[in-house]
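Colleague: Take a look at data-v7.pdb, PDB, C-alpha atoms:
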ATOM      1  CA  MET J   1     -43.799   9.656 -12.743
ATOM      2  CA  ILE J   2     -45.334  12.266 -15.053
ATOM      3  CA  VAL J   3     -47.927  10.843 -17.462
ATOM      4  CA  ILE J   4     -48.473  12.668 -20.760
ATOM      5  CA  GLY J   5     -51.736  12.067 -22.614
ATOM      6  CA  GLY J   6     -52.649  13.146 -26.117
ATOM      7  CA  GLU J   7     -51.955  12.580 -29.765
ATOM      8  CA  ALA J   8     -48.889  11.441 -31.631
ATOM      9  CA  LEU J   9     -48.786  12.242 -35.334
ATOM     10  CA  VAL J  10     -46.505  12.697 -38.309
ATOM     11  CA  ASP J  11     -45.625  16.226 -39.414
ATOM     12  CA  LEU J  12     -45.054  16.388 -43.167
ATOM     13  CA  VAL J  13     -42.532  19.229 -43.366
ATOM     14  CA  PRO J  14     -41.559  20.922 -46.671
ATOM     15  CA  ASP J  15     -37.988  20.780 -47.886
ATOM     16  CA  SER J  16     -36.366  24.106 -47.018
ATOM     17  CA  SER J  17     -34.344  24.051 -50.246
ATOM     18  CA  THR J  18     -37.428  24.112 -52.499
ATOM     19  CA  PRO J  19     -37.576  27.320 -54.604
ATOM     20  CA  ASP J  20     -40.245  29.842 -53.615
ATOM     21  CA  GLY J  21     -43.595  29.209 -55.252
ATOM     22  CA  GLU J  22     -42.884  25.568 -56.048
ATOM     23  CA  LEU J  23     -44.099  22.410 -54.365
ATOM     24  CA  GLY J  24     -41.272  20.264 -53.112
ATOM     25  CA  PRO J  25     -40.833  17.038 -51.186
ATOM     26  CA  LEU J  26     -42.388  16.652 -47.755
ATOM     27  CA  HIS J  27     -40.284  15.056 -45.042
ATOM     28  CA  PRO J  28     -42.071  12.970 -42.372
ATOM     29  CA  LEU J  29     -41.093  14.018 -38.845
ATOM     30  CA  LEU J  30     -42.600  12.475 -35.722
ATOM     31  CA  GLY J  31     -44.584  14.903 -33.601
ATOM     32  CA  GLY J  32     -47.847  15.901 -31.974
ATOM     33  CA  GLY J  33     -47.866  18.268 -28.997
ATOM     34  CA  PRO J  34     -48.201  15.700 -26.172
ATOM     35  CA  TYR J  35     -45.813  13.296 -27.922
ATOM     36  CA  ASN J  36     -43.223  16.082 -28.094
ATOM     37  CA  VAL J  37     -43.732  16.819 -24.383
ATOM     38  CA  ALA J  38     -43.133  13.160 -23.525
ATOM     39  CA  ILE J  39     -39.988  13.002 -25.672
ATOM     40  CA  ALA J  40     -38.661  16.213 -24.099
ATOM     41  CA  LEU J  41     -39.357  15.034 -20.537
ATOM     42  CA  GLY J  42     -37.618  11.722 -21.168
ATOM     43  CA  ARG J  43     -34.595  13.477 -22.630
ATOM     44  CA  LEU J  44     -34.473  15.827 -19.638
ATOM     45  CA  GLY J  45     -34.151  12.838 -17.336
ATOM     46  CA  VAL J  46     -37.644  12.973 -15.811
ATOM     47  CA  PRO J  47     -39.584   9.715 -15.244
ATOM     48  CA  ALA J  48     -42.305  10.036 -17.886
ATOM     49  CA  ALA J  49     -44.902   7.756 -19.486
ATOM     50  CA  PHE J  50     -46.849   8.357 -22.705
ATOM     51  CA  TYR J  51     -50.575   7.553 -22.637
ATOM     52  CA  ALA J  52     -52.044   7.461 -26.147
ATOM     53  CA  LYS J  53     -53.088   5.179 -28.969
ATOM     54  CA  LEU J  54     -50.558   4.553 -31.727
ATOM     55  CA  SER J  55     -51.174   2.889 -35.044
ATOM     56  CA  THR J  56     -49.670  -0.487 -35.847
ATOM     57  CA  ASP J  57     -48.474   1.015 -39.139
ATOM     58  CA  GLN J  58     -44.832   1.871 -39.852
ATOM     59  CA  PHE J  59     -45.189   5.367 -38.394
ATOM     60  CA  GLY J  60     -46.615   3.963 -35.167
ATOM     61  CA  ASP J  61     -43.744   1.494 -34.876
ATOM     62  CA  ARG J  62     -41.204   4.283 -35.302
ATOM     63  CA  MET J  63     -43.022   6.489 -32.770
ATOM     64  CA  LEU J  64     -42.848   3.713 -30.192
ATOM     65  CA  GLN J  65     -39.164   3.183 -30.928
ATOM     66  CA  ARG J  66     -38.388   6.896 -30.527
ATOM     67  CA  LEU J  67     -40.192   7.023 -27.187
ATOM     68  CA  THR J  68     -38.028   4.154 -25.949
ATOM     69  CA  GLU J  69     -34.871   5.794 -27.304
ATOM     70  CA  SER J  70     -35.821   8.965 -25.423
ATOM     71  CA  GLU J  71     -36.248   6.971 -22.182
ATOM     72  CA  VAL J  72     -40.042   7.319 -22.017
ATOM     73  CA  ASP J  73     -42.137   4.562 -20.415
ATOM     74  CA  THR J  74     -44.464   3.057 -23.057
ATOM     75  CA  SER J  75     -46.494   0.744 -20.816
ATOM     76  CA  LEU J  76     -49.603   2.947 -21.189
ATOM     77  CA  VAL J  77     -49.421   3.074 -25.004
ATOM     78  CA  GLN J  78     -52.371   1.434 -26.777
ATOM     79  CA  ARG J  79     -52.031   0.092 -30.332
ATOM     80  CA  GLY J  80     -54.581  -0.327 -33.109
ATOM     81  CA  PRO J  81     -54.910  -0.832 -36.888
ATOM     82  CA  GLU J  82     -56.197   2.703 -37.555
ATOM     83  CA  PRO J  83     -53.704   4.844 -39.534
ATOM     84  CA  THR J  84     -51.463   7.502 -38.018
ATOM     85  CA  THR J  85     -52.720  11.096 -37.927
ATOM     86  CA  LEU J  86     -50.938  13.371 -40.419
ATOM     87  CA  ALA J  87     -50.247  17.110 -40.250
ATOM     88  CA  VAL J  88     -49.060  18.938 -43.353
ATOM     89  CA  VAL J  89     -46.830  21.793 -42.208
ATOM     90  CA  GLY J  90     -46.443  25.154 -43.910
ATOM     91  CA  LEU J  91     -43.475  27.253 -42.837
ATOM     92  CA  GLU J  92     -43.533  31.043 -42.901
ATOM     93  CA  ALA J  93     -40.441  33.126 -43.672
ATOM     94  CA  ASN J  94     -39.713  33.545 -39.939
ATOM     95  CA  GLY J  95     -39.881  29.800 -39.330
ATOM     96  CA  SER J  96     -43.334  29.816 -37.713
ATOM     97  CA  ALA J  97     -45.489  26.820 -38.598
ATOM     98  CA  ARG J  98     -49.082  26.433 -39.718
ATOM     99  CA  TYR J  99     -50.807  23.078 -40.041
ATOM    100  CA  SER J 100     -53.491  21.236 -41.976
ATOM    101  CA  PHE J 101     -54.555  17.986 -40.347
ATOM    102  CA  HIS J 102     -55.737  14.606 -41.608
ATOM    103  CA  THR J 103     -57.447  13.049 -38.581
ATOM    104  CA  GLU J 104     -60.545  11.167 -39.704
ATOM    105  CA  GLY J 105     -60.497   7.563 -38.542
ATOM    106  CA  THR J 106     -56.934   7.771 -37.230
ATOM    107  CA  ALA J 107     -55.535   5.977 -34.201
ATOM    108  CA  ALA J 108     -55.137   9.078 -32.028
ATOM    109  CA  ARG J 109     -58.914   9.510 -31.815
ATOM    110  CA  PHE J 110     -59.608   6.112 -30.266
ATOM    111  CA  VAL J 111     -57.611   6.108 -27.043
ATOM    112  CA  THR J 112     -59.642   4.692 -24.167
ATOM    113  CA  ASP J 113     -59.770   5.425 -20.453
ATOM    114  CA  GLN J 114     -57.384   3.391 -18.341
ATOM    115  CA  PRO J 115     -56.052   3.601 -14.766
ATOM    116  CA  LEU J 116     -52.791   5.462 -14.261
ATOM    117  CA  PRO J 117     -49.934   3.966 -12.212
ATOM    118  CA  ASP J 118     -50.008   4.519  -8.449
ATOM    119  CA  GLY J 119     -46.732   6.452  -8.698
ATOM    120  CA  THR J 120     -48.222   9.108 -10.988
ATOM    121  CA  THR J 121     -47.466  12.563  -9.560
ATOM    122  CA  ALA J 122     -48.560  14.660 -12.549
ATOM    123  CA  LEU J 123     -50.731  14.326 -15.640
ATOM    124  CA  CYS J 124     -50.117  16.547 -18.677
ATOM    125  CA  LEU J 125     -52.819  16.841 -21.353
ATOM    126  CA  GLY J 126     -53.539  18.998 -24.355
ATOM    127  CA  THR J 127     -53.666  19.777 -28.079
ATOM    128  CA  LEU J 128     -55.753  17.464 -30.270
ATOM    129  CA  GLY J 129     -56.115  14.960 -27.446
ATOM    130  CA  MET J 130     -58.658  17.323 -25.885
ATOM    131  CA  VAL J 131     -60.464  17.914 -29.194
ATOM    132  CA  LEU J 132     -60.729  14.701 -31.231
ATOM    133  CA  GLU J 133     -63.607  12.475 -30.143
ATOM    134  CA  PRO J 134     -64.156   9.968 -28.690
ATOM    135  CA  GLY J 135     -60.670  10.224 -27.185
ATOM    136  CA  ALA J 136     -61.197  13.763 -25.882
ATOM    137  CA  THR J 137     -64.005  12.577 -23.630
ATOM    138  CA  ALA J 138     -61.796   9.746 -22.343
ATOM    139  CA  TYR J 139     -58.969  12.166 -21.510
ATOM    140  CA  GLU J 140     -61.408  14.592 -19.884
ATOM    141  CA  LYS J 141     -62.679  11.792 -17.652
ATOM    142  CA  VAL J 142     -59.098  10.964 -16.647
ATOM    143  CA  LEU J 143     -58.341  14.657 -16.000
ATOM    144  CA  PHE J 144     -61.201  15.033 -13.522
ATOM    145  CA  ARG J 145     -60.601  11.651 -11.883
ATOM    146  CA  GLU J 146     -56.861  12.141 -11.392
ATOM    147  CA  ALA J 147     -57.289  15.721 -10.137
ATOM    148  CA  GLU J 148     -59.737  14.413  -7.539
ATOM    149  CA  ARG J 149     -57.103  11.824  -6.581
ATOM    150  CA  GLY J 150     -54.571  14.603  -5.916
ATOM    151  CA  VAL J 151     -52.505  14.283  -9.108
ATOM    152  CA  PHE J 152     -51.038  17.580 -10.371
ATOM    153  CA  ILE J 153     -52.692  18.482 -13.696
ATOM    154  CA  ALA J 154     -50.829  20.412 -16.405
ATOM    155  CA  LEU J 155     -52.737  21.591 -19.476
ATOM    156  CA  ASP J 156     -51.627  23.070 -22.793
ATOM    157  CA  PRO J 157     -54.682  23.596 -25.041
ATOM    158  CA  ASN J 158     -52.385  24.361 -28.024
ATOM    159  CA  ILE J 159     -55.365  25.468 -30.102
ATOM    160  CA  ARG J 160     -55.836  24.088 -33.627
ATOM    161  CA  ALA J 161     -58.860  26.159 -34.580
ATOM    162  CA  ASP J 162     -59.543  24.376 -37.888
ATOM    163  CA  LEU J 163     -60.362  21.192 -35.974
ATOM    164  CA  ILE J 164     -62.710  22.812 -33.439
ATOM    165  CA  ALA J 165     -66.193  22.695 -34.938
ATOM    166  CA  ASP J 166     -67.903  24.745 -32.202
ATOM    167  CA  ALA J 167     -65.604  27.391 -30.736
ATOM    168  CA  ASP J 168     -68.025  28.476 -28.006
ATOM    169  CA  ALA J 169     -68.565  24.884 -26.864
ATOM    170  CA  TYR J 170     -64.817  24.299 -26.694
ATOM    171  CA  ARG J 171     -64.271  27.522 -24.718
ATOM    172  CA  ALA J 172     -66.952  26.433 -22.240
ATOM    173  CA  ARG J 173     -65.321  23.017 -21.923
ATOM    174  CA  PHE J 174     -61.916  24.639 -21.404
ATOM    175  CA  SER J 175     -63.428  26.765 -18.636
ATOM    176  CA  SER J 176     -64.771  23.634 -16.933
ATOM    177  CA  TRP J 177     -61.247  22.171 -16.744
ATOM    178  CA  LEU J 178     -59.651  25.153 -14.993
ATOM    179  CA  PRO J 179     -60.627  24.317 -11.372
ATOM    180  CA  SER J 180     -58.823  20.966 -11.778
ATOM    181  CA  VAL J 181     -55.663  22.377 -13.393
ATOM    182  CA  GLY J 182     -52.455  23.149 -11.476
ATOM    183  CA  LEU J 183     -50.398  24.575 -14.375
ATOM    184  CA  LEU J 184     -51.881  26.105 -17.533
ATOM    185  CA  LYS J 185     -49.525  26.891 -20.406
ATOM    186  CA  VAL J 186     -50.862  28.931 -23.343
ATOM    187  CA  SER J 187     -49.315  30.820 -26.217
ATOM    188  CA  ASP J 188     -50.343  34.378 -26.996
ATOM    189  CA  ASP J 189     -52.197  33.025 -30.034
ATOM    190  CA  ASP J 190     -54.014  30.448 -27.892
ATOM    191  CA  ALA J 191     -55.034  33.123 -25.384
ATOM    192  CA  GLU J 192     -56.325  35.425 -28.131
ATOM    193  CA  TRP J 193     -58.462  32.600 -29.531
ATOM    194  CA  LEU J 194     -59.735  31.466 -26.149
ATOM    195  CA  ALA J 195     -60.571  35.021 -25.029
ATOM    196  CA  PRO J 196     -61.235  37.001 -28.225
ATOM    197  CA  GLY J 197     -60.913  40.745 -27.882
ATOM    198  CA  ARG J 198     -59.217  40.501 -24.486
ATOM    199  CA  ASP J 199     -55.712  41.431 -23.416
ATOM    200  CA  VAL J 200     -53.874  38.115 -23.059
ATOM    201  CA  VAL J 201     -52.384  38.890 -19.634
ATOM    202  CA  GLU J 202     -55.758  40.039 -18.356
ATOM    203  CA  ALA J 203     -57.306  36.783 -19.639
ATOM    204  CA  ALA J 204     -54.509  34.779 -17.990
ATOM    205  CA  ARG J 205     -55.169  36.524 -14.674
ATOM    206  CA  GLU J 206     -58.844  35.570 -14.896
ATOM    207  CA  TRP J 207     -58.019  31.930 -15.714
ATOM    208  CA  GLN J 208     -55.496  31.776 -12.866
ATOM    209  CA  ALA J 209     -58.082  33.027 -10.410
ATOM    210  CA  ARG J 210     -60.399  30.204 -11.433
ATOM    211  CA  GLY J 211     -58.073  27.366 -10.451
ATOM    212  CA  PRO J 212     -54.522  27.063 -11.811
ATOM    213  CA  ALA J 213     -51.694  27.832  -9.396
ATOM    214  CA  ALA J 214     -49.984  29.507 -12.359
ATOM    215  CA  VAL J 215     -50.608  30.365 -15.994
ATOM    216  CA  VAL J 216     -47.537  30.561 -18.216
ATOM    217  CA  LEU J 217     -47.790  32.575 -21.433
ATOM    218  CA  THR J 218     -45.371  31.834 -24.266
ATOM    219  CA  ARG J 219     -44.788  35.003 -26.256
ATOM    220  CA  GLY J 220     -42.430  34.037 -29.054
ATOM    221  CA  ALA J 221     -39.350  36.236 -29.228
ATOM    222  CA  ASP J 222     -40.766  38.288 -26.313
ATOM    223  CA  GLY J 223     -40.123  35.416 -23.913
ATOM    224  CA  LEU J 224     -42.251  33.814 -21.206
ATOM    225  CA  THR J 225     -44.560  35.248 -18.553
ATOM    226  CA  ALA J 226     -45.810  33.443 -15.458
ATOM    227  CA  VAL J 227     -49.081  34.798 -14.076
ATOM    228  CA  THR J 228     -49.652  33.906 -10.417
ATOM    229  CA  ALA J 229     -51.784  35.179  -7.565
ATOM    230  CA  ASP J 230     -48.843  37.391  -6.572
ATOM    231  CA  GLY J 231     -48.403  39.040  -9.986
ATOM    232  CA  GLU J 232     -46.414  38.445 -13.166
ATOM    233  CA  VAL J 233     -42.826  37.331 -13.796
ATOM    234  CA  THR J 234     -41.320  37.660 -17.278
ATOM    235  CA  VAL J 235     -38.058  36.419 -18.761
ATOM    236  CA  PRO J 236     -36.810  37.209 -22.278
ATOM    237  CA  GLY J 237     -36.497  34.633 -25.022
ATOM    238  CA  ARG J 238     -33.103  33.322 -26.103
ATOM    239  CA  LYS J 239     -31.743  34.708 -29.369
ATOM    240  CA  VAL J 240     -30.867  31.873 -31.766
ATOM    241  CA  ASP J 241     -30.956  31.189 -35.481
ATOM    242  CA  VAL J 242     -34.420  29.673 -35.949
ATOM    243  CA  ALA J 243     -34.796  26.633 -38.184
ATOM    244  CA  ASP J 244     -38.511  26.398 -37.390
ATOM    245  CA  THR J 245     -40.765  26.708 -34.334
ATOM    246  CA  ILE J 246     -42.176  23.174 -34.428
ATOM    247  CA  GLY J 247     -42.282  21.812 -30.882
ATOM    248  CA  ALA J 248     -41.143  25.023 -29.174
ATOM    249  CA  GLY J 249     -44.188  25.369 -26.926
ATOM    250  CA  ASP J 250     -44.155  21.647 -26.178
ATOM    251  CA  THR J 251     -40.541  21.931 -25.047
ATOM    252  CA  VAL J 252     -41.489  24.848 -22.770
ATOM    253  CA  GLN J 253     -44.211  22.733 -21.154
ATOM    254  CA  ALA J 254     -41.845  19.809 -20.644
ATOM    255  CA  ALA J 255     -39.046  21.990 -19.282
ATOM    256  CA  LEU J 256     -41.391  23.676 -16.804
ATOM    257  CA  LEU J 257     -42.574  20.288 -15.559
ATOM    258  CA  ALA J 258     -38.973  19.054 -15.395
ATOM    259  CA  TRP J 259     -37.959  22.081 -13.310
ATOM    260  CA  LEU J 260     -40.921  21.618 -10.956
ATOM    261  CA  HIS J 261     -40.119  17.913 -10.636
ATOM    262  CA  ARG J 262     -36.456  18.556  -9.823
ATOM    263  CA  ASN J 263     -37.364  21.203  -7.278
ATOM    264  CA  GLY J 264     -40.051  19.204  -5.479
ATOM    265  CA  ALA J 265     -42.848  21.525  -6.586
ATOM    266  CA  LEU J 266     -45.308  19.268  -8.417
ATOM    267  CA  SER J 267     -48.388  20.318  -6.463
ATOM    268  CA  PRO J 268     -50.615  23.403  -6.649
ATOM    269  CA  GLU J 269     -49.585  24.435  -3.125
ATOM    270  CA  GLN J 270     -45.871  24.200  -3.955
ATOM    271  CA  VAL J 271     -46.314  26.120  -7.209
ATOM    272  CA  ARG J 272     -48.166  28.885  -5.361
ATOM    273  CA  ALA J 273     -45.259  29.091  -2.911
ATOM    274  CA  LEU J 274     -42.637  29.802  -5.605
ATOM    275  CA  ASP J 275     -41.071  33.253  -5.307
ATOM    276  CA  VAL J 276     -39.986  35.614  -8.084
ATOM    277  CA  GLY J 277     -36.444  34.257  -8.179
ATOM    278  CA  GLN J 278     -37.648  30.669  -8.507
ATOM    279  CA  TRP J 279     -40.028  31.606 -11.317
ATOM    280  CA  GLU J 280     -37.177  33.356 -13.115
ATOM    281  CA  GLN J 281     -35.121  30.171 -12.834
ATOM    282  CA  ALA J 282     -37.984  27.984 -14.093
ATOM    283  CA  LEU J 283     -38.851  30.258 -17.002
ATOM    284  CA  SER J 284     -35.197  30.736 -17.978
ATOM    285  CA  PHE J 285     -34.686  26.964 -18.025
ATOM    286  CA  ALA J 286     -37.764  26.586 -20.262
ATOM    287  CA  ALA J 287     -36.566  29.374 -22.579
ATOM    288  CA  ALA J 288     -33.145  27.747 -22.896
ATOM    289  CA  ALA J 289     -34.678  24.366 -23.732
ATOM    290  CA  ALA J 290     -37.020  25.880 -26.344
ATOM    291  CA  ALA J 291     -34.111  27.758 -27.926
ATOM    292  CA  VAL J 292     -32.386  24.439 -28.621
ATOM    293  CA  THR J 293     -35.557  23.003 -30.182
ATOM    294  CA  VAL J 294     -36.139  25.927 -32.553
ATOM    295  CA  SER J 295     -32.502  25.898 -33.651
ATOM    296  CA  ARG J 296     -32.990  22.587 -35.480
ATOM    297  CA  PRO J 297     -35.646  21.306 -37.898
ATOM    298  CA  GLY J 298     -38.713  19.567 -36.525
ATOM    299  CA  ALA J 299     -39.486  18.836 -32.905
ATOM    300  CA  GLU J 300     -36.073  17.736 -31.594
ATOM    301  CA  PRO J 301     -36.016  18.692 -27.900
ATOM    302  CA  PRO J 302     -32.690  18.839 -26.051
ATOM    303  CA  TRP J 303     -31.137  16.224 -23.795
ATOM    304  CA  SER J 304     -30.170  17.286 -20.293
ATOM    305  CA  ALA J 305     -26.476  17.336 -21.200
ATOM    306  CA  GLU J 306     -27.137  19.990 -23.848
ATOM    307  CA  LEU J 307     -28.543  22.359 -21.219
ATOM    308  CA  ASP J 308     -26.157  21.502 -18.412
ATOM    309  CA  ALA J 309     -23.041  22.020 -20.520
TER     310      ALA J 309
END
Please render this file's structure as structure tokens.
Modeller:
Amino acid sequence: MIVIGGEALVDLVPDSSTPDGELGPLHPLLGGGPYNVAIALGRLGVPAAFYAKLSTDQFGDRMLQRLTESEVDTSLVQRGPEPTTLAVVGLEANGSARYSFHTEGTAARFVTDQPLPDGTTALCLGTLGMVLEPGATAYEKVLFREAERGVFIALDPNIRADLIADADAYRARFSSWLPSVGLLKVSDDDAEWLAPGRDVVEAAREWQARGPAAVVLTRGADGLTAVTADGEVTVPGRKVDVADTIGAGDTVQAALLAWLHRNGALSPEQVRALDVGQWEQALSFAAAAAAVTVSRPGAEPPWSAELDA
């Protein structure tokens, strides 16, 4: 089983039919980076469990229902009376998304440490789950403990700079995680924020040398690049009509983990042993999955049948 830890929230997405310059209705769509990863993994047929705290409000109820509908194990989900985290989404002309968050006192912050099932083979963490306290400290404790236990750790920092009060402290904390991480996935924008003034591939090489078996860079329309000890492998992105980019990177992370799971490669040693052809297959599968997600509004990752057809 792959366990995914981190926040679930509601994206308030503007109506695409609203005239330019006017405020229109906002549509609530269920999201949050780790939540999207869990949904995508379940839909891709991978045994997955979501580890987070959900509100007992109406949004939390619907989130739990959607996890079940997407075949995700919810036995690790905690519930509480705190409200659901909200993210107000702004969409650029090219479909890219920017966010403003409402997080104070919300359920996502108050997840607590708990043991993971004995059958856990991988733990995937990231986004606000590694930022919002006190939950971030709980997840960090689980990251180090499970890595020591031999669980494969996947990390997607998915930087939301407005919520990081001390950038230097976060960068130092990120650096402390790297020796425990097996797979690091970062966008170009994440890499530029984490290593300001540096070439993103050069920064990825440095991070890879400090622990991860591989660093995968998502580069928008320019595709995906895997940085390993043996060099770089790049595949192009898929050309589709983009509705928006919400959940694209989360789908990439899930698809990479799904490919590794299906190919018996959920360990640092097995990831290091992948050759160029295998990386091309893994990255192409992730690009295809992300292309489906961006072709429809909100974070709606594909089901396996949509990729196998």
Colleague: What residues come out when you apply the PyMOL selection byres ((chain J and resi 218) around 8) to this file, written as a ChimeraX atom specification?
Modeller: /J:185-188,216-217,219-220,223-225,249
Colleague: How would you write, as an MDAnalysis selection string, the residues chosen by the PyMOL selection byres ((chain J and resi 88) around 12) on this structure?
Modeller: chainID J and resid 9:14 25:32 85:87 89:91 97:103
Colleague: Step by step, work through what the PyMOL selection byres ((chain J and resi 56) around 6) selects in the shown file, and finish by giving those residues as a compact mmCIF listing (two decimals) with C-alpha atoms, keeping the file's coordinate frame.
Modeller:
# COMPACT_ATOMS: atom_id res chain seq x y z
CA SER J 55 -51.17 2.89 -35.04
CA ASP J 57 -48.47 1.01 -39.14
CA GLY J 60 -46.62 3.96 -35.17
CA GLY J 80 -54.58 -0.33 -33.11
CA PRO J 81 -54.91 -0.83 -36.89
Colleague: Taking all atoms listed in the file into account, name the residue in J:Glu300, J:Glu306, J:Glu7, J:Asp73 that is nearest to Ala243 (chain J).
Modeller: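 The shortest atom-to-atom distance to Ala243 (chain J) comes from J:Glu300.
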Colleague: Identify the residues around (-41.6, 18.9, -5.5) within a radius of 12 Å, measuring from all atoms listed in the file in the coordinates stated by the file, and give them as a PDB file with C-alpha atoms, in the coordinates of the input.
Modeller:
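For reference, part_23.pdb as written:
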ATOM      1  CA  MET J   1     -43.799   9.656 -12.743  1.00  0.00           C
ATOM      2  CA  THR J 121     -47.466  12.563  -9.560  1.00  0.00           C
ATOM      3  CA  ALA J 122     -48.560  14.660 -12.549  1.00  0.00           C
ATOM      4  CA  PHE J 152     -51.038  17.580 -10.371  1.00  0.00           C
ATOM      5  CA  LEU J 257     -42.574  20.288 -15.559  1.00  0.00           C
ATOM      6  CA  ALA J 258     -38.973  19.054 -15.395  1.00  0.00           C
ATOM      7  CA  TRP J 259     -37.959  22.081 -13.310  1.00  0.00           C
ATOM      8  CA  LEU J 260     -40.921  21.618 -10.956  1.00  0.00           C
ATOM      9  CA  HIS J 261     -40.119  17.913 -10.636  1.00  0.00           C
ATOM     10  CA  ARG J 262     -36.456  18.556  -9.823  1.00  0.00           C
ATOM     11  CA  ASN J 263     -37.364  21.203  -7.278  1.00  0.00           C
ATOM     12  CA  GLY J 264     -40.051  19.204  -5.479  1.00  0.00           C
ATOM     13  CA  ALA J 265     -42.848  21.525  -6.586  1.00  0.00           C
ATOM     14  CA  LEU J 266     -45.308  19.268  -8.417  1.00  0.00           C
ATOM     15  CA  SER J 267     -48.388  20.318  -6.463  1.00  0.00           C
ATOM     16  CA  PRO J 268     -50.615  23.403  -6.649  1.00  0.00           C
ATOM     17  CA  GLU J 269     -49.585  24.435  -3.125  1.00  0.00           C
ATOM     18  CA  GLN J 270     -45.871  24.200  -3.955  1.00  0.00           C
ATOM     19  CA  VAL J 271     -46.314  26.120  -7.209  1.00  0.00           C
ATOM     20  CA  ARG J 272     -48.166  28.885  -5.361  1.00  0.00           C
ATOM     21  CA  ALA J 273     -45.259  29.091  -2.911  1.00  0.00           C
ATOM     22  CA  LEU J 274     -42.637  29.802  -5.605  1.00  0.00           C
TER      23      LEU J 274
END
Colleague: So the first atom is CA of Arg296 (chain J) and the second is CA of Ala48 (chain J); what is the distance between them in Å, to one decimal place?
Modeller: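 Between CA of Arg296 (chain J) and CA of Ala48 (chain J) the gap works out to 23.5 Å.
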Colleague: Compare J:Val201, J:Leu128, J:Val72, J:Ala52 by their minimum atom-to-atom distance to Phe110 (chain J), counting only C-alpha atoms, and give me the closest one.
Modeller: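 Looking at the shortest contact to Phe110 (chain J), the residue is J:Ala52.
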Colleague: Between J:Ala254, J:Leu64, J:Ile159, J:Val294, which has the minimum distance to Ala40 (chain J) (counting all atoms listed in the file)?
Modeller: J:Ala254
Colleague: Quick one: residues within 7 Å of Ala204 (chain J), all atoms listed in the file counted, chain neighbours fewer than 4 positions away excluded, as a ChimeraX atom specification?
Modeller: /J:200,208,215,227
Colleague: Rounded to one decimal place, report the CA of Pro34 (chain J)-CA of Gly6 (chain J) distance in Å.
Modeller: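 Atom-to-atom, CA of Pro34 (chain J) to CA of Gly6 (chain J), that is 5.1 Å.
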Colleague: Take CA of Asn158 (chain J) and CA of Gln114 (chain J) and report the distance between them in Å, one decimal.
Modeller: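 Distance between the two atoms: 23.6 Å.
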Colleague: Give the answer as one residue: which of J:Gly231, J:Pro47, J:Gly5, J:Gly42 has the shortest atom-to-atom distance to Gln78 (chain J), using only C-alpha atoms?
Modeller: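 Smallest separation from Gln78 (chain J) among the options: J:Gly5.
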Colleague: Report as an MDAnalysis selection string all protein, DNA and RNA residues lying within 7 Å of Gly182 (chain J), evaluated on all atoms listed in the file, omitting residues in the same chain fewer than 5 positions from it.
Modeller: chainID J and resid 152:154 212:214 268
Colleague: Find, counting all atoms listed in the file, the residue in J:Pro115, J:Gly105, J:Gly45, J:Gly129 that gets nearest to Leu307 (chain J).
Modeller: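 Nearest candidate to Leu307 (chain J) out of J:Pro115, J:Gly105, J:Gly45, J:Gly129: J:Gly45.
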Colleague: Padding 4 Å on each side, edges along x, y and z: where is the centre of the box around the listed atoms of region 141-146 of chain J, and how long are its edges in Å to one decimal? Output it as JSON.
Modeller:
{"center_x": -59.8, "center_y": 13.0, "center_z": -14.5, "size_x": 13.8, "size_y": 12.1, "size_z": 14.3}
Colleague: Just the residues within 6 Å of Phe50 (chain J), please, counting all atoms listed in the file, with nothing from its chain fewer than 3 positions along; format it as a PyMOL selection string.
Modeller: chain J and resi 3-4+74
